[in-house]
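Participant: File name upload_24.cif; file contents mmCIF, C-alpha atoms and all ligand atoms; full text below.
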```cif
data_coords
loop_
_atom_site.label_atom_id
_atom_site.label_comp_id
_atom_site.auth_asym_id
_atom_site.auth_seq_id
_atom_site.Cartn_x
_atom_site.Cartn_y
_atom_site.Cartn_z
CA MET A 1 -80.95 -168.09 151.41
CA SER A 2 -79.87 -165.41 148.95
CA THR A 3 -81.77 -165.16 145.67
CA ALA A 4 -78.97 -163.13 144.04
CA PRO A 5 -77.23 -164.85 141.12
CA TRP A 6 -74.25 -166.87 142.36
CA TRP A 7 -71.77 -164.85 140.26
CA SER A 8 -72.71 -161.63 142.06
CA GLU A 9 -71.57 -163.12 145.40
CA ALA A 10 -68.76 -165.53 144.57
CA PHE A 11 -66.00 -163.16 143.51
CA GLY A 12 -65.01 -161.36 146.68
CA ALA A 13 -61.62 -160.00 147.69
CA ASP A 14 -60.66 -163.51 148.86
CA TYR A 15 -60.85 -164.84 145.26
CA VAL A 16 -57.10 -164.28 145.26
CA ASP A 17 -56.69 -166.60 148.28
CA VAL A 18 -58.78 -169.31 146.64
CA TYR A 19 -56.99 -169.21 143.28
CA PRO A 20 -53.43 -168.09 144.15
CA HIS A 21 -52.00 -169.75 141.01
CA ARG A 22 -54.01 -167.33 138.87
CA ASP A 23 -51.37 -164.69 139.42
CA LEU A 24 -49.56 -161.98 137.53
CA ALA A 25 -46.70 -164.25 136.48
CA SER A 26 -49.06 -166.71 134.79
CA ALA A 27 -51.02 -163.82 133.26
CA ARG A 28 -47.82 -162.47 131.68
CA ALA A 29 -47.14 -165.81 130.00
CA GLU A 30 -50.77 -166.08 128.83
CA ALA A 31 -50.78 -162.50 127.53
CA ALA A 32 -47.57 -163.21 125.59
CA PHE A 33 -49.28 -166.15 123.89
CA LEU A 34 -52.34 -164.06 122.98
CA VAL A 35 -50.16 -161.32 121.50
CA GLU A 36 -48.22 -163.94 119.55
CA GLN A 37 -51.57 -165.16 118.21
CA GLY A 38 -52.54 -161.74 116.88
CA LEU A 39 -54.10 -159.81 119.78
CA ARG A 40 -53.32 -156.12 119.33
CA GLY A 41 -54.63 -152.57 119.39
CA ARG A 42 -57.59 -151.58 121.59
CA VAL A 43 -58.41 -154.63 123.71
CA LEU A 44 -61.13 -155.30 126.28
CA ASP A 45 -60.72 -157.90 129.04
CA LEU A 46 -64.32 -158.89 129.70
CA CYS A 47 -64.56 -160.12 133.30
CA CYS A 48 -61.08 -158.84 134.10
CA GLY A 49 -61.21 -159.65 137.83
CA TRP A 50 -58.37 -157.94 139.69
CA GLY A 51 -56.75 -157.05 136.38
CA ARG A 52 -53.82 -159.41 136.08
CA HIS A 53 -54.19 -159.81 132.29
CA LEU A 54 -54.85 -156.09 131.88
CA ILE A 55 -51.54 -155.33 133.56
CA ALA A 56 -49.72 -157.90 131.43
CA LEU A 57 -51.35 -156.80 128.16
CA ALA A 58 -50.61 -153.14 128.89
CA GLU A 59 -46.97 -154.07 129.57
CA ALA A 60 -46.97 -155.72 126.14
CA GLY A 61 -48.00 -152.38 124.61
CA LEU A 62 -51.73 -152.93 124.08
CA ASP A 63 -54.35 -150.24 124.68
CA VAL A 64 -56.40 -152.03 127.34
CA ALA A 65 -59.79 -151.67 129.01
CA GLY A 66 -61.51 -153.91 131.53
CA VAL A 67 -65.03 -154.70 132.70
CA ASP A 68 -65.97 -156.67 135.80
CA PHE A 69 -68.97 -156.89 138.10
CA SER A 70 -67.10 -157.42 141.37
CA THR A 71 -66.64 -154.20 143.32
CA GLU A 72 -64.22 -155.97 145.65
CA LEU A 73 -61.93 -157.19 142.86
CA LEU A 74 -62.00 -153.80 141.15
CA THR A 75 -61.09 -152.14 144.46
CA ARG A 76 -58.16 -154.52 144.80
CA LEU A 77 -57.07 -153.61 141.27
CA ARG A 78 -57.24 -149.88 142.03
CA ASN A 79 -55.07 -150.38 145.13
CA MET A 80 -52.32 -152.35 143.40
CA PRO A 81 -49.18 -150.37 142.51
CA GLU A 82 -48.65 -152.57 139.42
CA ALA A 83 -52.11 -151.59 138.17
CA ALA A 84 -51.64 -147.82 138.48
CA HIS A 85 -51.47 -147.38 134.70
CA VAL A 86 -54.63 -149.44 133.99
CA ALA A 87 -56.82 -148.49 136.96
CA GLY A 88 -58.49 -145.65 135.07
CA ARG A 89 -59.39 -147.96 132.23
CA VAL A 90 -61.65 -150.29 134.15
CA VAL A 91 -65.39 -150.02 134.63
CA ARG A 92 -67.86 -151.97 136.70
CA GLY A 93 -70.44 -153.53 134.43
CA ASP A 94 -72.34 -156.62 133.40
CA ALA A 95 -70.66 -158.73 130.75
CA ARG A 96 -74.02 -159.42 129.12
CA ARG A 97 -74.29 -155.75 128.19
CA VAL A 98 -70.76 -154.90 127.07
CA PRO A 99 -70.48 -151.15 127.78
CA PHE A 100 -68.63 -150.16 124.60
CA ARG A 101 -69.69 -148.69 121.28
CA ASP A 102 -70.27 -150.88 118.26
CA ALA A 103 -67.11 -151.73 116.29
CA SER A 104 -64.88 -149.78 118.67
CA LEU A 105 -62.33 -152.48 119.65
CA ASP A 106 -59.71 -154.61 117.91
CA GLY A 107 -59.82 -157.41 120.46
CA VAL A 108 -61.83 -158.88 123.35
CA VAL A 109 -60.62 -161.57 125.73
CA SER A 110 -62.63 -163.68 128.17
CA LEU A 111 -60.21 -165.69 130.27
CA PHE A 112 -60.25 -168.41 132.89
CA SER A 113 -63.80 -169.67 132.75
CA SER A 114 -65.59 -166.33 132.79
CA PHE A 115 -68.28 -167.76 130.50
CA GLY A 116 -71.18 -170.13 131.16
CA TYR A 117 -72.68 -168.17 134.07
CA PHE A 118 -75.81 -166.64 132.62
CA GLY A 119 -78.08 -169.34 131.17
CA ASP A 120 -78.77 -169.96 127.47
CA GLU A 121 -79.94 -166.46 126.76
CA GLY A 122 -77.40 -164.59 128.88
CA ASP A 123 -74.45 -166.60 127.57
CA GLN A 124 -75.52 -165.83 124.01
CA GLU A 125 -75.98 -162.14 124.87
CA LEU A 126 -72.37 -162.07 126.08
CA LEU A 127 -71.10 -163.56 122.79
CA ASP A 128 -73.35 -161.31 120.70
CA GLY A 129 -72.14 -158.24 122.62
CA THR A 130 -68.52 -159.32 122.19
CA ALA A 131 -68.99 -159.51 118.41
CA ARG A 132 -70.85 -156.20 118.36
CA VAL A 133 -68.03 -154.17 119.96
CA LEU A 134 -65.34 -155.61 117.68
CA VAL A 135 -64.36 -154.04 114.39
CA PRO A 136 -65.07 -156.37 111.45
CA GLY A 137 -62.09 -158.73 111.35
CA GLY A 138 -61.40 -158.11 115.06
CA LEU A 139 -60.30 -160.98 117.30
CA ALA A 140 -61.82 -162.54 120.41
CA PHE A 141 -60.13 -165.14 122.62
CA LEU A 142 -62.39 -167.29 124.75
CA ASP A 143 -60.87 -169.58 127.39
CA VAL A 144 -63.19 -172.11 129.03
CA MET A 145 -63.09 -175.55 130.62
CA ASN A 146 -63.07 -178.75 128.61
CA PRO A 147 -66.08 -180.69 130.00
CA ALA A 148 -64.48 -184.10 129.33
CA PHE A 149 -61.41 -183.13 131.35
CA VAL A 150 -63.51 -181.82 134.25
CA ARG A 151 -65.68 -184.95 134.30
CA SER A 152 -62.76 -187.35 134.28
CA GLY A 153 -60.83 -185.60 137.04
CA LEU A 154 -63.47 -184.21 139.39
CA VAL A 155 -62.33 -184.26 143.02
CA PRO A 156 -65.53 -184.30 145.12
CA GLU A 157 -63.97 -182.65 148.15
CA SER A 158 -60.69 -181.00 148.98
CA ARG A 159 -59.40 -179.28 152.11
CA THR A 160 -56.46 -176.97 151.60
CA ARG A 161 -54.56 -175.15 154.27
CA ARG A 162 -53.24 -171.73 153.25
CA GLY A 163 -51.27 -170.29 156.13
CA GLU A 164 -53.85 -169.74 158.87
CA ALA A 165 -56.80 -170.25 156.55
CA LEU A 166 -58.62 -173.46 155.64
CA LEU A 167 -60.32 -173.76 152.28
CA VAL A 168 -62.95 -176.48 151.85
CA GLU A 169 -64.24 -177.09 148.31
CA ARG A 170 -67.01 -179.54 147.42
CA ARG A 171 -67.54 -180.23 143.74
CA SER A 172 -70.30 -182.01 141.85
CA LEU A 173 -71.70 -182.40 138.37
CA ALA A 174 -75.30 -181.76 137.34
CA GLY A 175 -75.78 -182.34 133.64
CA ALA A 176 -73.73 -179.72 131.82
CA PHE A 177 -73.02 -177.80 135.03
CA VAL A 178 -70.09 -178.10 137.37
CA ARG A 179 -70.95 -176.91 140.86
CA LYS A 180 -68.63 -175.93 143.63
CA GLU A 181 -69.45 -175.05 147.21
CA VAL A 182 -66.65 -173.17 148.87
CA GLU A 183 -66.04 -172.47 152.53
CA LEU A 184 -63.16 -170.26 153.60
CA GLN A 185 -62.31 -170.35 157.29
CA GLN A 186 -59.95 -167.64 158.43
CA ALA A 187 -58.70 -166.92 161.93
CA GLY A 188 -60.64 -164.15 163.60
CA ALA A 189 -63.36 -163.96 160.96
CA PRO A 190 -66.64 -165.82 160.47
CA PRO A 191 -66.36 -168.45 157.71
CA ARG A 192 -67.41 -167.22 154.31
CA THR A 193 -69.31 -169.61 152.05
CA TRP A 194 -70.34 -169.26 148.46
CA ARG A 195 -71.10 -171.39 145.43
CA GLU A 196 -70.12 -171.45 141.80
CA GLU A 197 -72.25 -173.03 139.09
CA VAL A 198 -70.69 -172.92 135.66
CA ARG A 199 -72.26 -174.30 132.49
CA MET A 200 -69.63 -176.27 130.60
CA TYR A 201 -69.82 -176.23 126.83
CA GLU A 202 -68.90 -179.16 124.63
CA PRO A 203 -66.71 -178.06 121.71
CA ALA A 204 -69.55 -178.51 119.19
CA GLU A 205 -71.99 -176.51 121.35
CA LEU A 206 -69.53 -173.70 121.68
CA ASP A 207 -68.90 -173.69 117.94
CA ALA A 208 -72.62 -173.30 117.24
CA ARG A 209 -72.90 -170.43 119.70
CA VAL A 210 -69.91 -168.46 118.45
CA ARG A 211 -71.10 -168.90 114.85
CA ALA A 212 -74.55 -167.62 115.83
CA ALA A 213 -72.85 -164.52 117.28
CA GLY A 214 -71.14 -163.84 113.93
CA PHE A 215 -67.70 -165.31 114.60
CA ARG A 216 -65.50 -167.55 112.53
CA LEU A 217 -63.61 -170.11 114.64
CA GLU A 218 -59.96 -169.91 113.60
CA ALA A 219 -58.22 -172.04 116.21
CA ARG A 220 -58.86 -174.16 119.29
CA TRP A 221 -55.97 -174.94 121.60
CA GLY A 222 -55.86 -177.15 124.68
CA GLY A 223 -54.23 -174.41 126.75
CA PHE A 224 -52.05 -171.32 126.67
CA ASP A 225 -49.03 -173.45 125.79
CA GLY A 226 -50.43 -173.62 122.26
CA SER A 227 -50.93 -177.38 122.36
CA PRO A 228 -53.57 -178.66 119.94
CA PHE A 229 -56.99 -179.30 121.48
CA LEU A 230 -57.49 -183.00 122.26
CA PRO A 231 -60.42 -184.78 123.95
CA ASP A 232 -58.53 -184.80 127.26
CA SER A 233 -57.09 -181.26 127.09
CA PRO A 234 -57.58 -179.26 130.31
CA ARG A 235 -58.93 -176.17 128.55
CA GLN A 236 -60.52 -174.96 125.34
CA LEU A 237 -58.91 -171.73 124.17
CA LEU A 238 -60.62 -170.38 121.06
CA ARG A 239 -59.48 -167.71 118.65
CA LEU A 240 -62.53 -166.15 117.01
CA ARG A 241 -62.65 -163.60 114.23
CA ARG A 242 -65.60 -161.32 113.79
CA ALA A 243 -66.89 -161.88 110.28
CA VAL A 244 -66.24 -159.07 107.81
CA GLY A 245 -69.42 -157.79 106.12
C1 LIG B 301 -63.18 -166.95 137.13
S1 LIG B 301 -63.04 -165.22 137.36
C2 LIG B 301 -61.82 -164.81 136.15
C3 LIG B 301 -61.21 -163.45 136.35
C4 LIG B 301 -60.07 -163.08 135.41
N1 LIG B 301 -60.46 -163.20 134.02
C5 LIG B 301 -58.83 -163.89 135.70
O1 LIG B 301 -58.37 -164.63 134.83
O2 LIG B 301 -58.28 -163.76 136.81
C6 LIG B 301 -64.55 -164.63 136.68
C7 LIG B 301 -64.74 -163.13 136.74
O3 LIG B 301 -66.01 -162.81 136.16
C8 LIG B 301 -66.57 -161.72 136.86
N2 LIG B 301 -68.02 -161.68 136.60
C9 LIG B 301 -68.95 -162.56 137.03
N3 LIG B 301 -70.16 -162.21 136.57
C10 LIG B 301 -69.99 -161.08 135.85
C11 LIG B 301 -70.88 -160.23 135.13
N4 LIG B 301 -72.18 -160.48 135.07
N5 LIG B 301 -70.38 -159.17 134.49
C12 LIG B 301 -69.04 -158.88 134.57
N6 LIG B 301 -68.17 -159.64 135.25
C13 LIG B 301 -68.63 -160.73 135.87
C14 LIG B 301 -66.21 -162.01 138.30
O4 LIG B 301 -66.34 -160.89 139.13
C15 LIG B 301 -64.79 -162.53 138.14
O5 LIG B 301 -63.85 -161.49 138.24
#
```
Reformat the file's structure so that it appears as structure tokens.
Facilitator:
Amino acid sequence: MSTAPWWSEAFGADYVDVYPHRDLASARAEAAFLVEQGLRGRVLDLCCGWGRHLIALAEAGLDVAGVDFSTELLTRLRNMPEAAHVAGRVVRGDARRVPFRDASLDGVVSLFSSFGYFGDEGDQELLDGTARVLVPGGLAFLDVMNPAFVRSGLVPESRTRRGEALLVERRSLAGAFVRKEVELQQAGAPPRTWREEVRMYEPAELDARVRAAGFRLEARWGGFDGSPFLPDSPRQLLRLRRAVG
């Protein structure tokens, strides 16, 4: 069995087949909401994946950059015609060591559960690094799961047919972690299996962590539709401002 961290193996080129609803159309709507909520200027998408929000934010006139660890997703990005104008602005890197100078960005976004992968220390490093690269008064948007929503609706197993492919997902809870074992069976290829193991943060836990990183929590929504956060909201979307001085 591999001893590599799960996040270094889970996000292959077939991520797009597993999460087809996380597409460019939805990213455009989400980017529009973030811009409406004050995102502007030089913006980093931390854990940008195949770049759907980068494309959408660049279309909205922002000066974007992206960081991701997955070589396969970054290759996909570089091969997409829609991404031609952002491909040169993406680097492979580890989100715990944000590869930008101190106070060099106006905004940082971390979208679709790209947080909660790295243990207590690593998760805090990611938040500390996010604050470090922002100008004082700069904005971060953090979009994570709402643990109560995940717990109440967990589907232990699902089998989804996508064209010729079969996707089997087994989900379980272990304390604050939600685990998923994924098997993708595609015609003519050996099945690929991987796991995901994401630490879910209760709202109060997240508040303590972002404060410790030097952020002021300005807003928490239940999703990109701008609905107020409620105990049963699907998501927690936070707008954070790096403290001035
Ligand atoms: C759930 S996906 C979200 C991707 C993208 N934000 C989106 O909305 O489509 C999480 C992303 O985090 C990236 N990732 C995982 N561990 C990372 C790390 N240590 N440093 C940088 N990126 C990482 C993965 O490669 C993947 O693209």
Participant: Could you give me, as a Markdown table, every chain A residue with an atom at most 6 Å from ligand LIG 301 (chain B), plus its closest atom pair and distance in Å to one decimal, counting all atoms listed in the file, rows ordered by chain then number?
Facilitator:
```
| residue | atom | partner | partner_atom | distance |
| --- | --- | --- | --- | --- |
| A:Trp7 | CA | B:LIG301 | N3 | 4.8 |
| A:Phe11 | CA | B:LIG301 | O4 | 4.9 |
| A:Arg22 | CA | B:LIG301 | O2 | 5.9 |
| A:Cys47 | CA | B:LIG301 | N6 | 4.1 |
| A:Cys48 | CA | B:LIG301 | N1 | 4.4 |
| A:Gly49 | CA | B:LIG301 | O5 | 3.2 |
| A:Asp68 | CA | B:LIG301 | N6 | 3.7 |
| A:Phe69 | CA | B:LIG301 | N6 | 4.0 |
| A:Ser70 | CA | B:LIG301 | O4 | 4.2 |
| A:Gly93 | CA | B:LIG301 | C12 | 5.5 |
| A:Asp94 | CA | B:LIG301 | N5 | 3.4 |
| A:Ala95 | CA | B:LIG301 | N5 | 3.8 |
| A:Leu111 | CA | B:LIG301 | N1 | 4.5 |
| A:Phe112 | CA | B:LIG301 | O1 | 4.6 |
| A:Ser113 | CA | B:LIG301 | C1 | 5.2 |
| A:Ser114 | CA | B:LIG301 | C6 | 4.4 |
```
Participant: Between A:Leu206, A:Val43, A:Met145, A:Leu217, which residue has the minimum interatomic distance to Val178 of chain A, considering all atoms listed in the file?
Facilitator: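 Between A:Leu206, A:Val43, A:Met145, A:Leu217, the residue approaching Val178 of chain A most closely is A:Met145.
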Participant: Which residues are near Leu230 of chain A? Cut-off 12 Å, all atoms listed in the file, ignore same chain within fewer than 4 positions. Put them as a PyMOL selection string.
Facilitator: chain A and resi 146-149+203+220-223+226+234-237
Participant: Which of these, A:Glu181, A:Ser233, A:Ala165, A:Pro99, has the shortest distance to Val144 of chain A once you count only C-alpha atoms?
Facilitator: A:Ser233
Participant: Tell me, as a compact mmCIF listing (two decimals) with C-alpha atoms, in the frame of the given file, which residues lie within 9 Å of segment 116-123 of chain A, counting only C-alpha atoms; anything in the same chain fewer than 5 positions away does not count.
Facilitator:
```txt
# COMPACT_ATOMS: atom_id res chain seq x y z
CA PRO A 5 -77.23 -164.85 141.12
CA TRP A 6 -74.25 -166.87 142.36
CA TRP A 7 -71.77 -164.85 140.26
CA ARG A 96 -74.02 -159.42 129.12
CA ASP A 128 -73.35 -161.31 120.70
CA VAL A 144 -63.19 -172.11 129.03
CA PHE A 177 -73.02 -177.80 135.03
CA GLU A 196 -70.12 -171.45 141.80
CA GLU A 197 -72.25 -173.03 139.09
CA VAL A 198 -70.69 -172.92 135.66
CA ARG A 199 -72.26 -174.30 132.49
CA MET A 200 -69.63 -176.27 130.60
CA TYR A 201 -69.82 -176.23 126.83
CA ARG A 209 -72.90 -170.43 119.70
```
Participant: Given the point (-70.0, -159.9, 125.1) in the coordinates of this file, which residues lie within 8 Å, counting all atoms listed in the file, and how would they look as a PDB file with C-alpha atoms, in the coordinates of the input?
Facilitator:
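Result written to result-v7.pdb:
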```pdb
ATOM      1  CA  LEU A  46     -64.320-158.890 129.700  1.00  0.00           C
ATOM      2  CA  ALA A  95     -70.660-158.730 130.750  1.00  0.00           C
ATOM      3  CA  ARG A  96     -74.020-159.420 129.120  1.00  0.00           C
ATOM      4  CA  ARG A  97     -74.290-155.750 128.190  1.00  0.00           C
ATOM      5  CA  VAL A  98     -70.760-154.900 127.070  1.00  0.00           C
ATOM      6  CA  GLU A 125     -75.980-162.140 124.870  1.00  0.00           C
ATOM      7  CA  LEU A 126     -72.370-162.070 126.080  1.00  0.00           C
ATOM      8  CA  LEU A 127     -71.100-163.560 122.790  1.00  0.00           C
ATOM      9  CA  ASP A 128     -73.350-161.310 120.700  1.00  0.00           C
ATOM     10  CA  GLY A 129     -72.140-158.240 122.620  1.00  0.00           C
ATOM     11  CA  THR A 130     -68.520-159.320 122.190  1.00  0.00           C
ATOM     12  CA  ALA A 131     -68.990-159.510 118.410  1.00  0.00           C
ATOM     13  CA  ARG A 132     -70.850-156.200 118.360  1.00  0.00           C
ATOM     14  CA  VAL A 133     -68.030-154.170 119.960  1.00  0.00           C
TER      15      VAL A 133
END
```
Participant: How many Å separate atom CA of Gln186 of chain A from atom CA of Asp17 of chain A?
Facilitator: 10.7 Å
Participant: Using only C-alpha atoms, find the one residue out of A:Val16, A:Ala103, A:Leu184, A:Ala219 that sits nearest to Arg159 of chain A.
Facilitator: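 For Arg159 of chain A, the nearest of the given residues is A:Leu184.
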Participant: Taking 6 positions as the minimum chain separation for residues in the same chain, which residues sit within 10 Å of Ile55 of chain A when counting only C-alpha atoms? Answer as a list of chain:residue names.
Facilitator: A:Leu24, A:Ala27, A:Arg28, A:Ala31, A:Leu62, A:Val64, A:Leu77, A:Glu82, A:Ala83, A:Ala84, A:His85, A:Val86, A:Ala87
Participant: Restricting the calculation to only C-alpha atoms, which member of A:Pro81, A:Gly107, A:Gly163, A:Gly12 is positioned closest to Gly41 of chain A?
Facilitator: A:Gly107
Participant: Work out how far atom CA of Val244 of chain A is from atom CA of Glu205 of chain A, in Å to one decimal.
Facilitator: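 Here the two named atoms are 22.8 Å from each other.
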Participant: Which residue, A:Leu173, A:Val109, A:Leu139, A:Val182, has the smallest gap to Thr160 of chain A when you use only C-alpha atoms?
Facilitator: A:Val182
Participant: Rounded to one decimal place, report the atom CA of Ser158 of chain A-atom CA of Trp194 of chain A distance in Å.
Facilitator: 15.2 Å
Participant: Rank nothing, just name the residue among A:Val108, A:Ala176, A:Val155, A:Val91 nearest to Asp63 of chain A, using all atoms listed in the file.
Facilitator: A:Val108
Participant: Taking 3 positions as the minimum chain separation for residues in the same chain, which residues sit within 9 Å of Ser104 of chain A when counting only C-alpha atoms? Answer as a PDB file with C-alpha atoms, in the frame of the given file.
Facilitator:
```
ATOM      1  CA  ARG A  42     -57.590-151.580 121.590  1.00  0.00           C
ATOM      2  CA  PHE A 100     -68.630-150.160 124.600  1.00  0.00           C
ATOM      3  CA  ARG A 101     -69.690-148.690 121.280  1.00  0.00           C
ATOM      4  CA  ARG A 132     -70.850-156.200 118.360  1.00  0.00           C
ATOM      5  CA  VAL A 133     -68.030-154.170 119.960  1.00  0.00           C
ATOM      6  CA  LEU A 134     -65.340-155.610 117.680  1.00  0.00           C
ATOM      7  CA  VAL A 135     -64.360-154.040 114.390  1.00  0.00           C
TER       8      VAL A 135
END
```
Participant: Starting from the point (-66.4, -163.1, 111.7), work out which residues of protein, DNA or RNA have an atom no more than 7 Å away when counting only C-alpha atoms; state them as a list of chain:residue names.
Facilitator: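 Selection result: A:Pro136, A:Gly137, A:Gly214, A:Phe215, A:Arg216, A:Arg241, A:Arg242, A:Ala243, A:Val244.
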